[in-house]
Amino acid sequence: MKNILVTGGAGFIGSNFVHYMLKNHDYNIINLDALTYAGNLDNLSDVENDPKYTFVKADIRDKAAIEEVFEKYSIDTVVNFAAESHVDRSITEPEIFLTTNVLGTQNLLETAKRHWKVNPDDKYSSEFKSGVKFLQVSTDETYGALGKTGMFTETTPISPNSPYSASKASADLVVRAYHNTFGMPVNITRCSNNYGPYQFPEKLIPLMINNCRNNKSLPVYGDGMQIRDWLHVSDHCSAIDTVLHKGKDGEIYNIGGNNEKANIEIVKLIISTLGKSEDLIEYVKDRPGHDRRYAIDNTKITTELGWSPAYTFEQGIKETIEWYLNNEQWINKITSGEYTKYYEKMYK
Ligand code: NAD
Ligand code: DAU
C-alpha cells in the first residue's frame, strides 16, 4: 500500500480519515472529492501543504477524471467514502443518490480493475497485482430496521428502506460482484452512526448543538424513541485502517461500539450540557419510512481482526460538543447561505 485514493475525503468521515492516515502512516493520500454541498476543504486546511497529501477536485462518475488519477498517481488502494449521505435528502431527491452512490462506485471499480488486473484484456483471468485493495465504506442502514431486540450481523439479509440505504446496498452488491466475477480484492465495511468533528450540521448531533447554542427549536422526528448505535468517527477510521491491513479479501465487516441511544436521550444530553431548557424541543412530523432501531454486532471485526473502539460515548460526546462550541467560525460559514434555504425547506 503506497498510493491511497480516498474519495469523498472533504466530507465528515473522509476528512477525519485523511487526518488519521497522515498521522499514523507514511502513505501518499490522494483525496478526490467533487465538493458538493457536503464537501469542505476547510476540514483539511491544516494538511493542505503536507507533501504526502494531494487534493483533486473531481466527480467519481467522471470516467476520464478517474482514469487520469489512477494513471497519474499509480493508485493501489481505494477507500470509497464519496456518496450522497443524508437520508432526508434522499426522500426529496433520490436520483442523485443512485447516480453517485451506485454508478460512481461502479466507475471506480471498473477503472481499478483495468489498472490492477495482471492481464486486463483476458476476461477469464482473475489475477490481480499484489497489494491492491478496494474498500467500500458502507452502512448498517443497508440491513434495514430492527425491532426491540436483535443485532445486525454480516449475514443479516440486506433490506434497505430509504432511497439512500437502497443506493448503498446496491453499491455493495456491485462491489461483491467485482470480487466474485473478476476476483478483485475488496472489502465492504458497514458502520453504525458516526459522531465527532467536521460533521455537516444537517445530521442529528451537530444540528442539535447548533440550534441549541442559537436558542432555536430542536426538531425531534416522531416520538424521538428511534434508536441509533453511535460510534466516534476516529474509531470508525481506526476500524477501516484495520480492515485495509488485515481484512480478508471479499469479506464484509460490521463496525460499531455497542452504544445504543434513543434520539431524545441525545437531544436532552446536548440541552443539559449547554445549560439550556427542554422547552426548546419541538416534536415534528416523522421522517417517512423512518427506521426504528439499528444495532451492530461487532463480533467479527473484534475477534477476527482484533479491532476495538477507543472512545467511550461519555468522553466522545463531551469532546464533540466542545469542538462545535470552539469552532463557531467553521459552523457559521456552513450555516450561512445555501444551508439556510435547505433548513427552511426541510423544517417548515
Ligand atoms: P458526507 O456527506 O459528510 O461526505 C460525503 C463527501 O462525498 C463530500 O465531501 C462530498 O463532496 C463527496 N461527494 C459526494 N458526491 C460525490 C461525487 N459524485 N464525486 C466525488 N465526491 C462526491 O458523508 P459522511 O457522513 O462523511 O459519509 C461518508 C461515507 O460513509 C458515505 O459513503 C456514507 O454512506 C458512509 N457512512 C456514513 C455514516 C455516518 O454516520 N455519517 C455511517 C456509516 C457509513
Ligand atoms: O447508520 C448509519 C447512517 O447514519 C449513515 O449511513 C448515514 O449516512 C448517516 O446520515 C446516518 O443516518 P441517520 O438517518 O441515522 O442520521 P441522522 O443524523 O439524519 O438522524 C439520526 C436520527 O435522528 C434519526 O432517527 C432521525 C433523527 N433526526 C434527525 C434529524 C436531522 C431527528 O429526530 N431530527 C432531525 O432534525
# chains A, B, ... in the order shown; residues from 1 in each chain; ligands from 1
$ residues_around --residues "Leu280 (chain A)" --least-positions-apart "3" --cutoff "9 Å" --atoms "only C-alpha atoms" --output "list of chain:residue names"
A:Cys212, A:Asn215, A:Lys216, A:Ser217, A:Leu218, A:Pro219, A:Ile271, A:Lys276, A:Ser277
$ residues_around --residues "Asp172 (chain A)" --least-positions-apart "2" --cutoff "12 Å" --atoms "only C-alpha atoms" --output "CSV table (one decimal) with N, CA and C atoms, in the first residue's frame"
chain,number,residue,atom,x,y,z
A,80,ASN,N,-13.5,4.2,-0.6
A,80,ASN,CA,-14.6,4.9,-1.2
A,80,ASN,C,-15.6,5.4,-0.2
A,101,ASN,N,-24.0,7.2,-5.8
A,101,ASN,CA,-23.6,6.0,-4.9
A,101,ASN,C,-23.5,4.7,-5.7
A,102,VAL,N,-24.2,4.5,-6.7
A,102,VAL,CA,-24.2,3.2,-7.4
A,102,VAL,C,-23.2,3.4,-8.6
A,103,LEU,N,-23.6,4.3,-9.6
A,103,LEU,CA,-22.8,4.4,-10.8
A,103,LEU,C,-21.4,4.9,-10.5
A,105,THR,N,-19.6,4.4,-7.9
A,105,THR,CA,-18.9,3.2,-7.3
A,105,THR,C,-18.5,2.3,-8.4
A,106,GLN,N,-19.4,2.0,-9.3
A,106,GLN,CA,-19.1,1.1,-10.4
A,106,GLN,C,-17.9,1.7,-11.3
A,109,LEU,N,-14.7,1.0,-9.6
A,109,LEU,CA,-14.4,-0.4,-9.6
A,109,LEU,C,-13.8,-0.7,-11.0
A,134,PHE,N,-9.7,-2.6,-2.8
A,134,PHE,CA,-10.8,-1.7,-3.0
A,134,PHE,C,-11.7,-1.8,-1.7
A,135,LEU,N,-11.7,-0.8,-0.9
A,135,LEU,CA,-12.6,-0.8,0.3
A,135,LEU,C,-13.8,0.1,0.2
A,136,GLN,N,-14.9,-0.5,0.2
A,136,GLN,CA,-16.2,0.2,0.1
A,136,GLN,C,-16.7,0.6,1.5
A,137,VAL,N,-16.9,1.9,1.7
A,137,VAL,CA,-17.4,2.3,3.0
A,137,VAL,C,-18.9,2.3,3.0
A,138,SER,N,-19.5,1.3,3.6
A,138,SER,CA,-20.9,1.2,3.6
A,138,SER,C,-21.5,1.4,4.9
A,139,THR,N,-22.8,1.0,5.1
A,139,THR,CA,-23.5,1.5,6.3
A,139,THR,C,-24.4,0.4,6.9
A,140,ASP,N,-24.7,0.4,8.2
A,140,ASP,CA,-25.6,-0.5,8.8
A,140,ASP,C,-27.0,-0.3,8.2
A,141,GLU,N,-27.3,0.8,7.6
A,141,GLU,CA,-28.7,1.1,7.1
A,141,GLU,C,-29.1,0.1,6.0
A,142,THR,N,-28.1,-0.5,5.4
A,142,THR,CA,-28.4,-1.5,4.3
A,142,THR,C,-29.2,-2.6,4.8
A,143,TYR,N,-29.0,-2.9,6.1
A,143,TYR,CA,-29.7,-4.1,6.7
A,143,TYR,C,-31.2,-3.8,7.0
A,158,ILE,N,-29.7,-8.0,3.5
A,158,ILE,CA,-29.9,-6.6,3.4
A,158,ILE,C,-31.4,-6.3,3.0
A,160,PRO,N,-32.9,-2.6,2.7
A,160,PRO,CA,-32.9,-1.2,2.9
A,160,PRO,C,-34.3,-0.5,2.7
A,165,SER,N,-30.4,4.3,1.7
A,165,SER,CA,-29.8,2.9,2.0
A,165,SER,C,-30.0,2.0,0.9
A,166,ALA,N,-31.0,2.1,0.0
A,166,ALA,CA,-31.1,1.3,-1.2
A,166,ALA,C,-30.0,1.5,-2.1
A,167,SER,N,-29.5,2.8,-2.2
A,167,SER,CA,-28.4,3.0,-3.1
A,167,SER,C,-27.1,2.5,-2.6
A,168,LYS,N,-26.9,2.5,-1.2
A,168,LYS,CA,-25.7,2.0,-0.6
A,168,LYS,C,-25.7,0.5,-0.7
A,169,ALA,N,-26.9,-0.2,-0.5
A,169,ALA,CA,-27.0,-1.6,-0.6
A,169,ALA,C,-26.7,-2.1,-2.1
A,170,SER,N,-27.2,-1.3,-3.0
A,170,SER,CA,-26.9,-1.6,-4.5
A,170,SER,C,-25.4,-1.5,-4.8
A,174,VAL,N,-22.7,-4.4,-6.2
A,174,VAL,CA,-21.8,-4.3,-7.3
A,174,VAL,C,-20.3,-4.6,-6.9
A,175,VAL,N,-20.0,-4.1,-5.7
A,175,VAL,CA,-18.6,-4.4,-5.2
A,175,VAL,C,-18.4,-5.9,-5.0
A,176,ARG,N,-19.5,-6.6,-4.5
A,176,ARG,CA,-19.4,-8.0,-4.3
A,176,ARG,C,-19.3,-8.7,-5.6
A,177,ALA,N,-20.0,-8.2,-6.6
A,177,ALA,CA,-19.9,-8.8,-8.0
A,177,ALA,C,-18.5,-8.7,-8.6
A,178,TYR,N,-17.9,-7.6,-8.3
A,178,TYR,CA,-16.5,-7.4,-8.9
A,178,TYR,C,-15.5,-8.4,-8.2
A,179,HIS,N,-15.8,-8.8,-7.0
A,179,HIS,CA,-15.0,-9.8,-6.3
A,179,HIS,C,-15.3,-11.2,-6.9
A,186,VAL,N,-11.5,-7.0,-2.5
A,186,VAL,CA,-12.4,-6.0,-2.0
A,186,VAL,C,-12.7,-6.3,-0.5
A,187,ASN,N,-13.1,-5.2,0.2
A,187,ASN,CA,-13.8,-5.4,1.5
A,187,ASN,C,-14.9,-4.4,1.5
A,188,ILE,N,-16.0,-4.7,2.2
A,188,ILE,CA,-17.1,-3.8,2.5
A,188,ILE,C,-17.2,-3.6,4.0
A,189,THR,N,-17.2,-2.4,4.5
A,189,THR,CA,-17.4,-2.1,5.9
A,189,THR,C,-18.8,-1.5,6.1
A,190,ARG,N,-19.5,-2.0,7.1
A,190,ARG,CA,-20.8,-1.4,7.4
A,190,ARG,C,-20.8,-0.9,8.8
A,250,GLY,N,-12.8,-10.1,0.0
A,250,GLY,CA,-14.1,-10.5,-0.3
A,250,GLY,C,-15.1,-10.4,1.0
A,251,GLU,N,-14.5,-10.1,2.1
A,251,GLU,CA,-15.3,-10.1,3.4
A,251,GLU,C,-16.0,-8.8,3.7
A,252,ILE,N,-17.1,-8.9,4.4
A,252,ILE,CA,-17.8,-7.7,4.9
A,252,ILE,C,-17.5,-7.7,6.4
$ select_by_dssp --residues "region 114-190 of chain A" --states "strand (DSSP E or B)" --output "PyMOL selection string"
chain A and resi 117+128+133-139+152+186-190
$ write_last_selection --atoms "C-alpha atoms" --output "PDB file, in the first residue's frame"
ATOM      1  CA  LYS A 117      -5.560  -6.813 -13.335  1.00  0.00           C
ATOM      2  CA  PHE A 128      -4.708  -9.077  -9.690  1.00  0.00           C
ATOM      3  CA  LYS A 133      -7.416  -3.315  -2.435  1.00  0.00           C
ATOM      4  CA  PHE A 134     -10.815  -1.672  -2.953  1.00  0.00           C
ATOM      5  CA  LEU A 135     -12.554  -0.811   0.313  1.00  0.00           C
ATOM      6  CA  GLN A 136     -16.200   0.244   0.084  1.00  0.00           C
ATOM      7  CA  VAL A 137     -17.374   2.309   3.049  1.00  0.00           C
ATOM      8  CA  SER A 138     -20.949   1.183   3.558  1.00  0.00           C
ATOM      9  CA  THR A 139     -23.507   1.465   6.312  1.00  0.00           C
ATOM     10  CA  PHE A 152     -27.172  -6.811  12.653  1.00  0.00           C
ATOM     11  CA  VAL A 186     -12.355  -5.967  -1.983  1.00  0.00           C
ATOM     12  CA  ASN A 187     -13.777  -5.366   1.472  1.00  0.00           C
ATOM     13  CA  ILE A 188     -17.071  -3.814   2.490  1.00  0.00           C
ATOM     14  CA  THR A 189     -17.403  -2.142   5.888  1.00  0.00           C
ATOM     15  CA  ARG A 190     -20.813  -1.412   7.406  1.00  0.00           C
TER      16      ARG A 190
END
$ closest_atom_pairs --of "chain A" --to "ligand 2" --cutoff "9 Å" --atoms "only C-alpha atoms and all ligand atoms" --output "tab-separated table"
residue	atom	partner	partner_atom_place_in_ligand_line	distance
A:Ala83	CA	ligand 2	8 (O)	8.5
A:Glu84	CA	ligand 2	8 (O)	7.8
A:Ser85	CA	ligand 2	8 (O)	4.1
A:His86	CA	ligand 2	10 (O)	4.6
A:Val87	CA	ligand 2	14 (O)	5.2
A:Asp88	CA	ligand 2	19 (O)	6.7
A:Ser138	CA	ligand 2	6 (O)	7.0
A:Thr139	CA	ligand 2	6 (O)	4.6
A:Asp140	CA	ligand 2	1 (O)	5.2
A:Glu141	CA	ligand 2	1 (O)	5.2
A:Thr142	CA	ligand 2	6 (O)	8.1
A:Tyr164	CA	ligand 2	8 (O)	7.9
A:Ser165	CA	ligand 2	6 (O)	7.1
A:Lys168	CA	ligand 2	6 (O)	8.3
A:Arg190	CA	ligand 2	2 (C)	8.2
A:Cys191	CA	ligand 2	2 (C)	6.3
A:Ser192	CA	ligand 2	1 (O)	4.3
A:Asn193	CA	ligand 2	2 (C)	4.0
A:Asn194	CA	ligand 2	4 (O)	6.6
A:Tyr195	CA	ligand 2	18 (O)	8.8
A:Pro201	CA	ligand 2	31 (C)	8.2
A:Glu202	CA	ligand 2	31 (C)	5.5
A:Lys203	CA	ligand 2	18 (O)	3.5
A:Leu204	CA	ligand 2	18 (O)	3.7
A:Ile205	CA	ligand 2	18 (O)	6.5
A:Pro206	CA	ligand 2	18 (O)	8.4
A:Leu207	CA	ligand 2	31 (C)	6.7
A:Met208	CA	ligand 2	36 (O)	7.4
A:Leu218	CA	ligand 2	36 (O)	7.2
A:Pro219	CA	ligand 2	36 (O)	5.0
A:Val220	CA	ligand 2	33 (O)	3.7
A:Tyr221	CA	ligand 2	33 (O)	3.8
A:Gly222	CA	ligand 2	33 (O)	7.1
A:Asp223	CA	ligand 2	33 (O)	8.4
A:Gly224	CA	ligand 2	33 (O)	5.9
A:Met225	CA	ligand 2	25 (O)	8.1
A:Gln226	CA	ligand 2	25 (O)	5.2
A:Ile227	CA	ligand 2	25 (O)	6.6
A:Arg228	CA	ligand 2	15 (O)	6.3
A:Asp229	CA	ligand 2	1 (O)	7.4
A:Trp230	CA	ligand 2	1 (O)	8.3
A:Ala262	CA	ligand 2	25 (O)	8.2
A:Asn263	CA	ligand 2	23 (O)	5.6
A:Ile264	CA	ligand 2	33 (O)	7.7
A:Val267	CA	ligand 2	33 (O)	8.8
A:Tyr283	CA	ligand 2	33 (O)	8.2
A:Val284	CA	ligand 2	33 (O)	8.1
A:Asp286	CA	ligand 2	33 (O)	7.7
A:Arg287	CA	ligand 2	26 (C)	7.1
A:His290	CA	ligand 2	25 (O)	6.9
A:Asp291	CA	ligand 2	25 (O)	6.9
A:Arg292	CA	ligand 2	25 (O)	7.1
A:Arg293	CA	ligand 2	25 (O)	8.0
A:Tyr294	CA	ligand 2	1 (O)	7.0
A:Ala295	CA	ligand 2	1 (O)	9.0
A:Met346	CA	ligand 2	36 (O)	8.9
A:Tyr347	CA	ligand 2	36 (O)	8.0
$ atom_distance --atom1 "CA of Met1 (chain A)" --atom2 "CA of Ile75 (chain A)"
9.0 Å
$ atom_distance --atom1 "CA of Thr181 (chain A)" --atom2 "CA of Tyr124 (chain A)"
9.3 Å
$ atom_distance --atom1 "CA of Tyr27 (chain A)" --atom2 "CA of Ala171 (chain A)"
26.7 Å
$ closest_residue --among "A:Asn49, A:Asn107, A:Thr153, A:Ser272" --to "ligand 1" --atoms "only C-alpha atoms and all ligand atoms"
A:Asn107
